Structure formats: structure tokens, C-alpha cells
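One file, target08.cif, is given below (mmCIF, C-alpha atoms and all ligand atoms).
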data_protein
loop_
_atom_site.label_atom_id
_atom_site.label_comp_id
_atom_site.auth_asym_id
_atom_site.auth_seq_id
_atom_site.Cartn_x
_atom_site.Cartn_y
_atom_site.Cartn_z
CA MET A 1 68.60 -140.30 -10.47
CA LEU A 2 66.38 -140.02 -7.40
CA PHE A 3 62.98 -141.73 -7.33
CA ILE A 4 60.63 -140.64 -4.58
CA ILE A 5 58.12 -143.44 -4.17
CA TYR A 6 54.78 -142.88 -2.47
CA THR A 7 53.87 -146.03 -0.56
CA THR A 8 50.44 -144.63 0.40
CA GLY A 9 48.45 -141.43 0.39
CA ARG A 10 47.36 -142.12 3.96
CA CYS A 11 48.87 -140.50 7.04
CA ASN A 12 48.53 -141.19 10.76
CA LEU A 13 48.90 -137.49 11.64
CA ASN A 14 47.06 -134.34 10.66
CA CYS A 15 49.64 -131.58 11.00
CA SER A 16 48.55 -127.96 11.03
CA TYR A 17 50.55 -127.00 7.91
CA CYS A 18 49.74 -130.12 5.90
CA GLY A 19 46.21 -131.45 6.35
CA GLY A 20 46.97 -135.16 6.76
CA SER A 21 45.98 -137.95 4.40
CA PHE A 22 45.38 -137.30 0.72
CA ASP A 23 41.95 -137.75 -0.75
CA PRO A 24 42.31 -141.34 -2.04
CA ARG A 25 40.82 -140.22 -5.37
CA ILE A 26 43.90 -138.01 -5.83
CA VAL A 27 46.59 -140.21 -4.23
CA PRO A 28 45.24 -143.74 -3.58
CA TRP A 29 46.10 -145.31 -0.25
CA ASN A 30 47.29 -148.55 -1.89
CA VAL A 31 49.86 -149.08 -4.61
CA GLU A 32 48.17 -149.78 -7.95
CA TYR A 33 51.12 -150.74 -10.17
CA THR A 34 53.49 -153.72 -10.20
CA LEU A 35 57.13 -154.05 -9.27
CA ASP A 36 57.86 -154.84 -12.93
CA ASP A 37 56.45 -151.41 -13.85
CA LEU A 38 58.90 -149.90 -11.37
CA LYS A 39 61.80 -151.88 -12.79
CA ASN A 40 61.12 -150.37 -16.23
CA VAL A 41 62.47 -147.00 -15.09
CA VAL A 42 64.39 -147.52 -11.85
CA GLY A 43 67.97 -148.76 -12.22
CA ARG A 44 70.51 -150.09 -9.76
CA ASP A 45 72.46 -146.80 -9.64
CA ASP A 46 69.42 -144.82 -8.55
CA VAL A 47 68.46 -143.58 -5.11
CA ILE A 48 65.05 -144.73 -3.88
CA ALA A 49 63.25 -142.64 -1.25
CA PHE A 50 60.04 -143.88 0.39
CA TYR A 51 57.47 -141.14 0.92
CA GLY A 52 53.78 -140.56 1.55
CA GLY A 53 51.36 -139.92 3.38
CA GLU A 54 53.26 -141.77 6.05
CA PRO A 55 55.35 -144.34 4.15
CA LEU A 56 55.63 -146.74 7.10
CA LEU A 57 51.86 -147.32 6.95
CA ASN A 58 52.69 -149.58 4.00
CA LEU A 59 55.63 -151.51 5.37
CA LYS A 60 54.78 -154.52 3.23
CA PHE A 61 55.35 -152.56 0.01
CA ILE A 62 58.63 -151.09 1.31
CA GLU A 63 59.88 -154.60 2.04
CA GLU A 64 58.77 -155.86 -1.38
CA VAL A 65 60.61 -153.03 -3.13
CA MET A 66 63.74 -153.59 -1.05
CA ASP A 67 63.58 -157.34 -1.71
CA ASN A 68 63.14 -157.00 -5.47
CA LEU A 69 64.95 -153.86 -6.62
CA SER A 70 68.53 -152.75 -6.32
CA ALA A 71 69.29 -149.14 -5.47
CA SER A 72 72.53 -147.33 -4.80
CA ARG A 73 70.98 -145.78 -1.69
CA TRP A 74 67.75 -146.08 0.28
CA VAL A 75 66.04 -143.14 1.92
CA ILE A 76 62.82 -142.67 3.88
CA GLN A 77 60.94 -139.51 4.87
CA THR A 78 58.79 -140.36 7.87
CA ASN A 79 57.01 -138.74 10.78
CA GLY A 80 58.86 -141.28 12.93
CA LEU A 81 55.85 -142.66 14.81
CA LEU A 82 56.19 -146.14 13.32
CA LEU A 83 59.97 -146.35 13.02
CA HIS A 84 60.05 -149.01 15.73
CA THR A 85 57.88 -151.31 13.59
CA MET A 86 60.43 -151.66 10.80
CA ASP A 87 62.37 -154.89 10.89
CA LYS A 88 66.08 -154.31 11.53
CA SER A 89 67.08 -156.27 8.44
CA TYR A 90 65.40 -153.55 6.34
CA LEU A 91 65.91 -150.55 8.60
CA HIS A 92 69.66 -151.00 8.76
CA ARG A 93 69.85 -150.93 4.95
CA ILE A 94 68.32 -147.43 4.87
CA ASP A 95 71.07 -144.85 4.29
CA THR A 96 69.14 -141.72 5.26
CA ILE A 97 66.10 -141.39 7.50
CA LEU A 98 64.47 -137.96 7.45
CA VAL A 99 62.27 -137.54 10.50
CA SER A 100 59.79 -134.68 10.73
CA LEU A 101 60.27 -132.68 13.91
CA ASP A 102 59.91 -128.93 14.18
CA GLY A 103 62.31 -128.21 17.06
CA ARG A 104 61.39 -127.92 20.73
CA SER A 105 58.73 -130.30 22.03
CA ARG A 106 56.03 -127.68 22.65
CA LEU A 107 56.32 -126.35 19.10
CA THR A 108 56.45 -129.82 17.52
CA ASP A 109 53.38 -130.94 19.46
CA LYS A 110 51.51 -127.74 18.64
CA ASN A 111 52.02 -128.38 14.89
CA ARG A 112 51.94 -132.16 14.81
CA GLY A 113 49.81 -133.33 17.75
CA ARG A 114 50.16 -133.89 21.48
CA GLY A 115 52.81 -136.40 22.50
CA VAL A 116 54.33 -136.66 19.00
CA TYR A 117 57.71 -135.19 19.97
CA GLU A 118 58.25 -137.58 22.84
CA LYS A 119 57.18 -140.67 20.89
CA VAL A 120 59.40 -139.82 17.91
CA ILE A 121 62.44 -139.11 20.11
CA GLU A 122 61.81 -142.41 21.92
CA ASN A 123 61.76 -144.26 18.59
CA ILE A 124 64.97 -142.63 17.38
CA LYS A 125 66.73 -143.51 20.62
CA LYS A 126 65.50 -147.07 20.23
CA ILE A 127 66.80 -147.52 16.69
CA ARG A 128 70.15 -145.96 17.65
CA ARG A 129 70.37 -148.29 20.67
CA GLU A 130 69.66 -151.23 18.42
CA GLY A 131 72.53 -150.38 16.11
CA TYR A 132 71.24 -148.06 13.37
CA ARG A 133 74.33 -146.26 12.04
CA GLY A 134 72.94 -144.33 9.07
CA ASP A 135 72.24 -140.64 8.58
CA ILE A 136 69.28 -139.41 10.63
CA VAL A 137 68.09 -135.98 9.55
CA ALA A 138 65.69 -133.89 11.62
CA ARG A 139 63.48 -132.32 8.96
CA MET A 140 61.87 -129.21 10.40
CA THR A 141 58.96 -127.21 9.05
CA ILE A 142 59.49 -123.61 10.02
CA THR A 143 56.37 -121.65 10.91
CA GLU A 144 55.75 -118.22 12.36
CA ASP A 145 56.07 -119.78 15.83
CA SER A 146 59.60 -121.06 15.11
CA ASP A 147 62.73 -119.47 16.50
CA ILE A 148 65.37 -120.74 14.12
CA TYR A 149 68.23 -120.38 16.59
CA GLN A 150 66.45 -122.00 19.53
CA ASP A 151 64.85 -124.79 17.53
CA VAL A 152 67.94 -125.82 15.57
CA LYS A 153 70.09 -125.65 18.72
CA HIS A 154 67.58 -127.76 20.59
CA LEU A 155 67.71 -130.54 17.99
CA LEU A 156 71.53 -130.37 17.75
CA LEU A 157 71.81 -130.73 21.51
CA THR A 158 69.74 -133.93 21.57
CA ASP A 159 72.79 -135.55 19.94
CA LEU A 160 70.47 -137.89 18.04
CA PHE A 161 70.71 -136.39 14.55
CA ASN A 162 73.52 -136.36 12.03
CA HIS A 163 71.93 -133.41 10.28
CA ILE A 164 69.29 -130.77 10.86
CA HIS A 165 67.41 -129.41 7.85
CA TRP A 166 64.44 -127.07 7.55
CA GLN A 167 61.93 -125.71 5.11
CA LEU A 168 60.11 -122.41 5.49
CA SER A 169 56.37 -122.91 5.33
CA PHE A 170 55.94 -119.67 3.32
CA ILE A 171 53.20 -119.95 0.69
CA TRP A 172 51.93 -123.33 1.91
CA THR A 173 49.96 -121.82 4.77
CA ARG A 174 47.81 -118.74 5.37
CA PRO A 175 49.85 -115.53 5.00
CA TRP A 176 51.83 -114.88 8.16
CA ARG A 177 50.76 -112.13 10.55
CA ASN A 178 54.17 -110.48 10.83
CA LEU A 179 56.08 -111.86 7.86
CA TRP A 180 58.82 -109.24 7.53
CA GLY A 181 59.34 -108.86 11.28
CA TRP A 182 59.75 -112.64 11.52
CA ILE A 183 62.21 -112.64 8.60
CA GLU A 184 64.40 -110.08 10.38
CA GLU A 185 64.47 -112.33 13.47
CA TYR A 186 65.21 -115.34 11.24
CA LYS A 187 68.24 -113.62 9.76
CA ILE A 188 69.58 -112.73 13.22
CA GLY A 189 69.10 -116.38 14.26
CA LEU A 190 70.90 -117.65 11.14
CA ALA A 191 73.88 -115.35 11.79
CA ARG A 192 74.07 -116.60 15.37
CA LEU A 193 73.95 -120.21 14.23
CA MET A 194 76.71 -119.52 11.68
CA ASN A 195 78.97 -117.94 14.34
CA GLU A 196 78.54 -120.88 16.65
CA TRP A 197 78.95 -123.35 13.78
CA ILE A 198 82.35 -121.86 12.92
CA ASN A 199 83.41 -121.82 16.59
CA ARG A 200 82.47 -125.48 16.88
CA LEU A 201 84.46 -126.25 13.71
CA ARG A 202 87.52 -124.70 15.35
CA GLU A 203 86.98 -127.06 18.29
CA GLY A 204 86.90 -130.01 15.91
CA PHE A 205 83.12 -130.62 15.73
CA VAL A 206 81.20 -130.53 12.46
CA ASP A 207 77.60 -129.84 13.43
CA GLY A 208 75.33 -131.09 10.67
CA ILE A 209 73.46 -127.93 9.69
CA ALA A 210 72.28 -129.01 6.25
CA PRO A 211 71.40 -125.59 4.75
CA PHE A 212 74.92 -124.26 5.52
CA GLN A 213 76.52 -127.43 4.17
CA GLY A 214 74.22 -127.54 1.16
CA VAL A 215 75.00 -123.97 0.12
CA LEU A 216 78.70 -124.80 0.48
CA LYS A 217 78.16 -127.77 -1.81
CA ARG A 218 76.46 -125.55 -4.41
CA ILE A 219 79.35 -123.06 -4.19
CA ILE A 220 81.88 -125.84 -4.77
CA GLU A 221 80.04 -128.03 -7.29
CA ASP A 222 76.97 -126.32 -8.80
CA GLY A 223 73.97 -128.64 -9.00
CA PRO A 224 70.54 -129.03 -10.57
CA PHE A 225 67.79 -126.38 -10.85
CA PRO A 226 66.03 -126.61 -8.43
CA PRO A 227 68.53 -127.98 -5.88
CA CYS A 228 66.08 -130.73 -4.88
CA GLY A 229 66.25 -131.96 -8.49
CA SER A 230 62.46 -132.02 -8.98
CA GLY A 231 61.70 -132.62 -12.65
CA ALA A 232 65.40 -132.83 -13.56
CA GLY A 233 67.04 -135.81 -11.91
CA SER A 234 64.40 -136.39 -9.24
CA PHE A 235 61.00 -137.87 -10.03
CA THR A 236 58.11 -138.91 -7.84
CA ILE A 237 56.02 -142.01 -8.42
CA LEU A 238 52.52 -141.79 -6.98
CA THR A 239 50.60 -144.85 -5.81
CA ASP A 240 48.47 -144.87 -8.98
CA GLY A 241 51.65 -145.08 -11.10
CA ARG A 242 51.69 -141.45 -12.20
CA VAL A 243 55.15 -139.91 -12.46
CA VAL A 244 55.31 -136.28 -11.34
CA SER A 245 58.12 -133.73 -11.04
CA CYS A 246 57.65 -132.69 -7.43
CA PRO A 247 56.34 -134.85 -4.57
CA ILE A 248 54.14 -132.00 -3.34
CA ALA A 249 52.65 -131.16 -6.75
CA VAL A 250 50.48 -134.25 -7.15
CA SER A 251 47.65 -132.56 -9.09
CA GLU A 252 49.27 -129.54 -10.72
CA GLU A 253 49.32 -129.73 -14.50
CA TRP A 254 52.94 -128.60 -14.88
CA SER A 255 54.14 -131.42 -12.63
CA GLN A 256 52.54 -134.31 -14.56
CA ILE A 257 55.07 -136.31 -16.62
CA GLY A 258 53.23 -139.50 -17.53
CA SER A 259 52.46 -142.98 -16.36
CA LEU A 260 55.02 -145.44 -15.06
CA LYS A 261 53.73 -148.03 -17.55
CA LYS A 262 54.38 -145.79 -20.55
CA ILE A 263 57.26 -143.51 -19.67
CA SER A 264 60.79 -144.36 -20.77
CA ARG A 265 64.00 -143.96 -18.86
CA GLU A 266 65.45 -141.87 -21.74
CA GLU A 267 62.54 -139.46 -21.47
CA LEU A 268 63.25 -138.88 -17.79
CA GLU A 269 66.99 -138.52 -18.34
CA SER A 270 66.53 -135.83 -20.97
CA ARG A 271 64.11 -133.68 -18.94
CA ARG A 272 65.05 -130.12 -17.96
CA ASN A 273 62.94 -127.48 -16.21
CA VAL A 274 61.95 -124.20 -17.84
CA ILE A 275 63.07 -121.29 -15.67
CA HIS A 276 61.30 -117.94 -15.53
CA GLU A 277 61.92 -114.49 -14.14
CA PRO A 278 62.92 -113.22 -11.66
CA CYS A 279 65.39 -116.10 -11.45
CA ILE A 280 66.79 -115.81 -15.01
CA SER A 281 68.22 -112.36 -14.24
CA CYS A 282 69.14 -113.10 -10.63
CA SER A 283 72.81 -113.09 -9.65
CA TYR A 284 72.10 -115.78 -7.01
CA LEU A 285 70.74 -118.29 -9.54
CA LYS A 286 73.79 -120.57 -9.70
CA ILE A 287 73.66 -121.28 -5.97
CA CYS A 288 69.96 -120.77 -5.21
CA GLY A 289 68.91 -122.69 -8.32
CA VAL A 290 65.35 -121.15 -8.18
CA ARG A 291 65.15 -122.65 -4.68
CA CYS A 292 61.96 -124.65 -5.23
CA LEU A 293 60.21 -125.49 -8.48
CA TYR A 294 56.81 -125.45 -6.81
CA THR A 295 57.17 -121.93 -5.40
CA HIS A 296 58.81 -120.81 -8.66
CA ILE A 297 55.67 -121.77 -10.56
CA GLU A 298 52.88 -121.52 -7.98
CA ARG A 299 53.24 -118.01 -6.61
CA LEU A 300 50.57 -118.56 -3.99
CA TRP A 301 51.41 -115.46 -1.97
CA GLY A 302 51.98 -113.39 -5.11
CA GLU A 303 54.91 -110.99 -5.42
CA GLU A 304 55.26 -110.63 -1.66
CA GLY A 305 55.79 -114.38 -1.31
CA VAL A 306 58.51 -114.35 -3.96
CA GLU A 307 60.23 -111.42 -2.24
CA ALA A 308 60.01 -113.14 1.14
CA VAL A 309 61.54 -116.46 0.06
CA CYS A 310 64.19 -114.72 -2.03
CA SER A 311 65.13 -112.43 0.82
CA CYS A 312 65.75 -115.48 3.06
CA SER A 313 67.61 -117.40 0.34
CA LYS A 314 69.85 -114.47 -0.54
CA TYR A 315 70.65 -113.81 3.11
CA LEU A 316 71.66 -117.44 3.66
CA ILE A 317 73.85 -117.51 0.54
CA ASP A 318 75.52 -114.21 1.49
CA LEU A 319 76.07 -115.46 5.03
CA VAL A 320 77.92 -118.56 3.81
CA LYS A 321 79.91 -116.59 1.23
CA GLU A 322 80.90 -113.84 3.68
CA ASN A 323 82.16 -116.47 6.10
CA LEU A 324 83.88 -118.65 3.52
CA GLU A 325 87.43 -117.65 4.49
CA GLU A 326 86.62 -118.17 8.18
CA ILE A 327 85.13 -121.58 7.43
CA LYS A 328 88.15 -122.55 5.31
CA SER A 329 90.57 -121.54 8.04
CA ALA A 330 88.51 -123.35 10.71
CA VAL A 331 88.41 -126.61 8.75
CA SER A 332 92.09 -126.46 7.86
CA GLU A 333 92.90 -126.18 11.59
CA ILE A 334 91.26 -129.56 12.10
CA GLY A 335 92.82 -131.16 9.02
CA LEU A 336 89.76 -131.02 6.77
CA GLU A 337 88.95 -129.32 3.49
CA LEU A 338 85.92 -127.29 2.52
CA ARG A 339 84.55 -130.16 0.48
CA ASP A 340 84.51 -132.38 3.57
CA LEU A 341 81.69 -130.17 4.88
CA ALA A 342 79.59 -130.37 1.71
CA TYR A 343 76.25 -132.13 2.15
CA PRO A 344 74.35 -134.10 0.98
CA GLU A 345 76.79 -136.45 -0.69
CA TYR A 346 73.97 -137.70 -2.97
CA ASN A 347 70.43 -136.45 -3.46
CA ASN A 348 68.76 -137.82 -0.34
CA THR A 349 65.72 -135.48 -0.64
CA VAL A 350 67.34 -132.77 1.51
CA GLU A 351 66.34 -129.81 -0.67
CA ILE A 352 69.34 -127.65 0.36
CA MET A 353 67.64 -124.21 0.12
CA PRO A 354 65.23 -123.85 3.06
S1 LIG A 401 67.01 -115.71 -4.96
FE1 LIG A 401 64.92 -115.71 -5.79
S2 LIG A 401 65.10 -114.79 -7.82
FE2 LIG A 401 67.15 -115.43 -7.17
S3 LIG A 401 67.41 -117.48 -8.03
FE3 LIG A 401 66.64 -117.70 -5.93
S4 LIG A 401 64.42 -117.86 -6.16
FE4 LIG A 401 65.23 -117.01 -8.06
S1 LIG A 402 61.76 -127.99 -2.83
FE1 LIG A 402 59.91 -127.43 -3.98
S2 LIG A 402 60.13 -128.42 -5.97
FE2 LIG A 402 61.56 -129.40 -4.56
S3 LIG A 402 60.48 -131.16 -3.71
FE3 LIG A 402 60.14 -129.46 -2.30
S4 LIG A 402 58.23 -128.53 -2.98
FE4 LIG A 402 58.94 -129.80 -4.67
#
Do you think you could lay out the structure here as C-alpha cells?
Ligand code: SF4
Ligand code: SF4
Amino acid sequence: MLFIIYTTGRCNLNCSYCGGSFDPRIVPWNVEYTLDDLKNVVGRDDVIAFYGGEPLLNLKFIEEVMDNLSASRWVIQTNGLLLHTMDKSYLHRIDTILVSLDGRSRLTDKNRGRGVYEKVIENIKKIRREGYRGDIVARMTITEDSDIYQDVKHLLLTDLFNHIHWQLSFIWTRPWRNLWGWIEEYKIGLARLMNEWINRLREGFVDGIAPFQGVLKRIIEDGPFPPCGSGAGSFTILTDGRVVSCPIAVSEEWSQIGSLKKISREELESRRNVIHEPCISCSYLKICGVRCLYTHIERLWGEEGVEAVCSCSKYLIDLVKENLEEIKSAVSEIGLELRDLAYPEYNNTVEIMP
């Protein structure tokens, strides 16, 4: 099971697609439950992911959790600005660090604030220099200003990240000006990335493009609905001790599960999500897995939003499937199997479907 633990509702950035810190009446900025409460539901085989707000603003709580609980894996989703403040004895125990960057520096700074790109890259270089060997994932938010080919390539070429992952900001923001025109460009960019990815495989390099590798994993192994596991294998613990299905859905009624003090482990283990149309009748369901529980329920852009995300998801799935034989032949040339490309190995909060 994956537990996403908010360490604070506070953030030190105010990104254009997010809005910065939570209202402390909704997500308090300090943790209001005890470690014993946490131990009631979290077991030693679970994955613990620190989240926020900016989780590193509450380093003390992260250290307390890591000192007092056992987890099979540790994960953090951070904006990267405070990575250098984490003591190596804790940092080096983190298995996956997801760092928010949107691609090229101008785009990242436009969305996240001036100078953010440079500072975050500097911090990643520093932790690498000082011996961090874990999985660093560049977690991109894709907006109408993104060029998927250019921005993914840019991050790959920095040679700092084991994996690149992205999420489309559809529905979270104002409707896009040229949604369908952008989607056509996105598909062309994805096809170009796929071509180059296969060529690189033939040369013996596995570029960590998480959505390609995640779809491969779903083709090989199935997986939960939604692929991120929200509400069925992945649960989020807010600072006030509320347990919710999805880390983004902190107030939505459908996401509320109960309080950490009262909920039982058995209750969480037996939870399944209810799936609605159009996914029930969709031939892509097994791999797409409804893509995202939040968008499946909150259809903020109405029917057009559903069509837009589905069009992108179906294109990605078809792209991987159409190239499956090519990918197989490329990996066999370098002595690997298809399953060696599958990612993530465990639920590390990479949601798979962008
Ligand atoms: S492609 Fe769309 S309709 Fe099909 S399973 Fe995914 S989200 Fe549901
Ligand atoms: S993919 Fe959707 S359901 Fe899953 S964590 Fe993200 S917002 Fe929540």
C-alpha cells in the first residue's frame, strides 16, 4: 500500500497552475496527529511518500517519521528548492525523489517563478555530487505553453534524471485557448519521442520516459484503477489526520475516507473505486484504468474535457501498442526483455497515464 503523507499545507512557491499554500483551515500547516496514530494503519511493507504543500518545509516531521516508522520504500514529491537542506543520512534513504520542473528553464520559470529552474538544477547536481544514488524523477506539469518533444528532450539531455514524467494540466486550469490544435501537436511530439526512444534502445540506452514505460507495465501486468492507485491501494493522510483517496481532492466529498484515529487497516485494504461511463464501456480501460480518479469524477471542463484527456490517453496507448514489436526487437538486441523496461517497479506516486 502507498501512503502519501502531507507534512504541511504550506508552500514556498505560488505556481500559476496551482495557487500555492492551502488555506490552513482546509489543510493545516502543522501536523495535528501523533506518530502512534500513523502506526495504526501504516505497516513495514508500505511505501511512504512525503507530500504537501512543500514537504521539505517540515523537515522535522519527515525525520521523525523516518526515525520511528519502517517502510519498504521512501518517496518525496518536492519542488526541489530545499533539497540541499535535507541531512544526507535521511536523503540517501529516500528511494524516489520527484522534483517538479516543467522542461526548459524559461517555461519552468514562467510557471513556477523566476530563478526556480536554476536553483532546482543546482540542488539536484549537489545531491548527486554528494552521493545520492536513488531514482530522481523530473515531474512536469504540461500547459498550453509546453512543447512535449522539446521539453522532455531538454530534461533528458541534462543527464540528471533517471525518469521524466508529466501530467497534462487539462481541467485544473482555465480552458485552453487552442485545446485541439495543441493536442495535435502533442501527438506529433509523442510520436517523435517514441521513435527516438526506440532508436536509443537499439544503441543500448534506456531513456527513462515514464509514460511509455508505465503503459508497457500496464500491458504486461495490469494494475489498479486508477493507475495511481488513489482510493484503492494508495491513500493520502492530511495534516489534520483525515484520510482521503486522492492527494489533490482534499475537500471533495467523494474523496473523504475517515480519520486516521478511527480508520482500520482492513477497511483500507478492502476499498475499491466505483467506475462510471464512459470508462466502463471503453476498450482502453484495462490499460488506461480511468486515467485519473479526480478527472473521472470531477468533470470540470465537461464533455470536452473528457474527450480531450481520453484522446491523449488513447493516442499514447496506441503508440506503445503499435510499436510493441519494434520495442521488443530493440530490447532483445541489447539482451533485455520487455519487462526490464516496465516502470515504476512499485507505486512511487508516478501516476503512469499523463
Ligand atoms: S480512455 Fe477515457 S473512457 Fe477510456 S478508460 Fe481512459 S479515461 Fe476512461
Ligand atoms: S492521477 Fe488523479 S486520482 Fe491520481 S493522484 Fe493524481 S489527481 Fe489524484
Would you kindly return, as a ChimeraX atom specification, each protein, DNA or RNA residue with an atom no farther than 12 Å from any atom of A:Thr295, considering only C-alpha atoms and excluding same-chain residues fewer than 3 positions away?
/A:168-172,226,230,246,248-249,275-276,279,290-292,298-303,305-310,354
Could you give me the centre and size, in Å to one decimal, of an axis-aligned box around all listed atoms of ligand LIG 401 (chain A) with 3 Å added on every side, as AutoDock Vina command-line options?
--center_x 65.9 --center_y -116.3 --center_z -6.5 --size_x 9.0 --size_y 9.1 --size_z 9.1
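Distance-wise, atom CA of A:Asp147 and atom CA of A:Gly181 end up 12.3 Å apart.
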Could you pull the residues within 10 Å of A:Asn162, counting all atoms listed in the file, minus those fewer than 2 positions along the same chain, as a PyMOL selection string?
chain A and resi 96+133-138+156+159-160+164+206-210
Please return as a list of chain:residue names every residue within 12 Å of (87.5, -130.4, 4.6), taking into account all atoms listed in the file and the file's own coordinates.
A:Leu201, A:Gly204, A:Phe205, A:Val206, A:Gln213, A:Leu216, A:Lys217, A:Ile220, A:Ile327, A:Lys328, A:Ser329, A:Ala330, A:Val331, A:Ser332, A:Glu333, A:Ile334, A:Gly335, A:Leu336, A:Glu337, A:Leu338, A:Arg339, A:Asp340, A:Leu341, A:Ala342, A:Tyr343
Using all atoms listed in the file, the residue out of A:Trp74, A:Tyr17, A:Phe235, A:Phe22 with shortest distance to A:Ser259 is A:Phe235
Quick one, how far is atom CA of A:Ser255 from atom CA of A:Ile297?
10.0 Å
Which residues, written as a ChimeraX atom specification, have at least one atom at most 12 Å from A:Gly20, with all atoms listed in the file counted and residues fewer than 2 positions away on the same chain left out?
/A:8-18,22-24,52-54,79,111-113
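Among the candidate residues A:Leu179, A:Val215, A:Leu38, A:Leu285, the one lying nearest to A:Glu144 is A:Leu179, with distances computed using all atoms listed in the file.
In this structure, atom CA of A:Leu83 sits 24.9 Å away from atom CA of A:Asp240.
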List every protein, DNA or RNA residue that has at least one atom no more than 12 Å from (62.9, -107.9, 5.9) in the file's coordinates, counting all atoms listed in the file, and write the result as an NGL selection string.
:A and (178-188 or 304 or 307-315)
Dump C-alpha atoms for the selected residues as a short mmCIF file (atom, residue, chain, number, x, y, z; two decimals), keeping the file's coordinate frame?
data_model
loop_
_atom_site.label_atom_id
_atom_site.label_comp_id
_atom_site.auth_asym_id
_atom_site.auth_seq_id
_atom_site.Cartn_x
_atom_site.Cartn_y
_atom_site.Cartn_z
CA ASN A 178 54.17 -110.48 10.83
CA LEU A 179 56.08 -111.86 7.86
CA TRP A 180 58.82 -109.24 7.53
CA GLY A 181 59.34 -108.86 11.28
CA TRP A 182 59.75 -112.64 11.52
CA ILE A 183 62.21 -112.64 8.60
CA GLU A 184 64.40 -110.08 10.38
CA GLU A 185 64.47 -112.33 13.47
CA TYR A 186 65.21 -115.34 11.24
CA LYS A 187 68.24 -113.62 9.76
CA ILE A 188 69.58 -112.73 13.22
CA GLU A 304 55.26 -110.63 -1.66
CA GLU A 307 60.23 -111.42 -2.24
CA ALA A 308 60.01 -113.14 1.14
CA VAL A 309 61.54 -116.46 0.06
CA CYS A 310 64.19 -114.72 -2.03
CA SER A 311 65.13 -112.43 0.82
CA CYS A 312 65.75 -115.48 3.06
CA SER A 313 67.61 -117.40 0.34
CA LYS A 314 69.85 -114.47 -0.54
CA TYR A 315 70.65 -113.81 3.11
#
Of the residues A:Met353, A:Leu82, A:Leu155, A:Ile97, which is the one nearest to ligand LIG 402 (chain A), using all atoms listed in the file?
A:Met353
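Residue neighbourhood of A:Val244, excluding near-sequence residues (fewer than 2 positions): Gly231, Phe235, Thr236, Ile237, Leu238, Arg242, Cys246, Pro247, Ala249, Val250, Ser255, Gln256, Ile257 and Gly258 of chain A, at 8 Å, using all atoms listed in the file.
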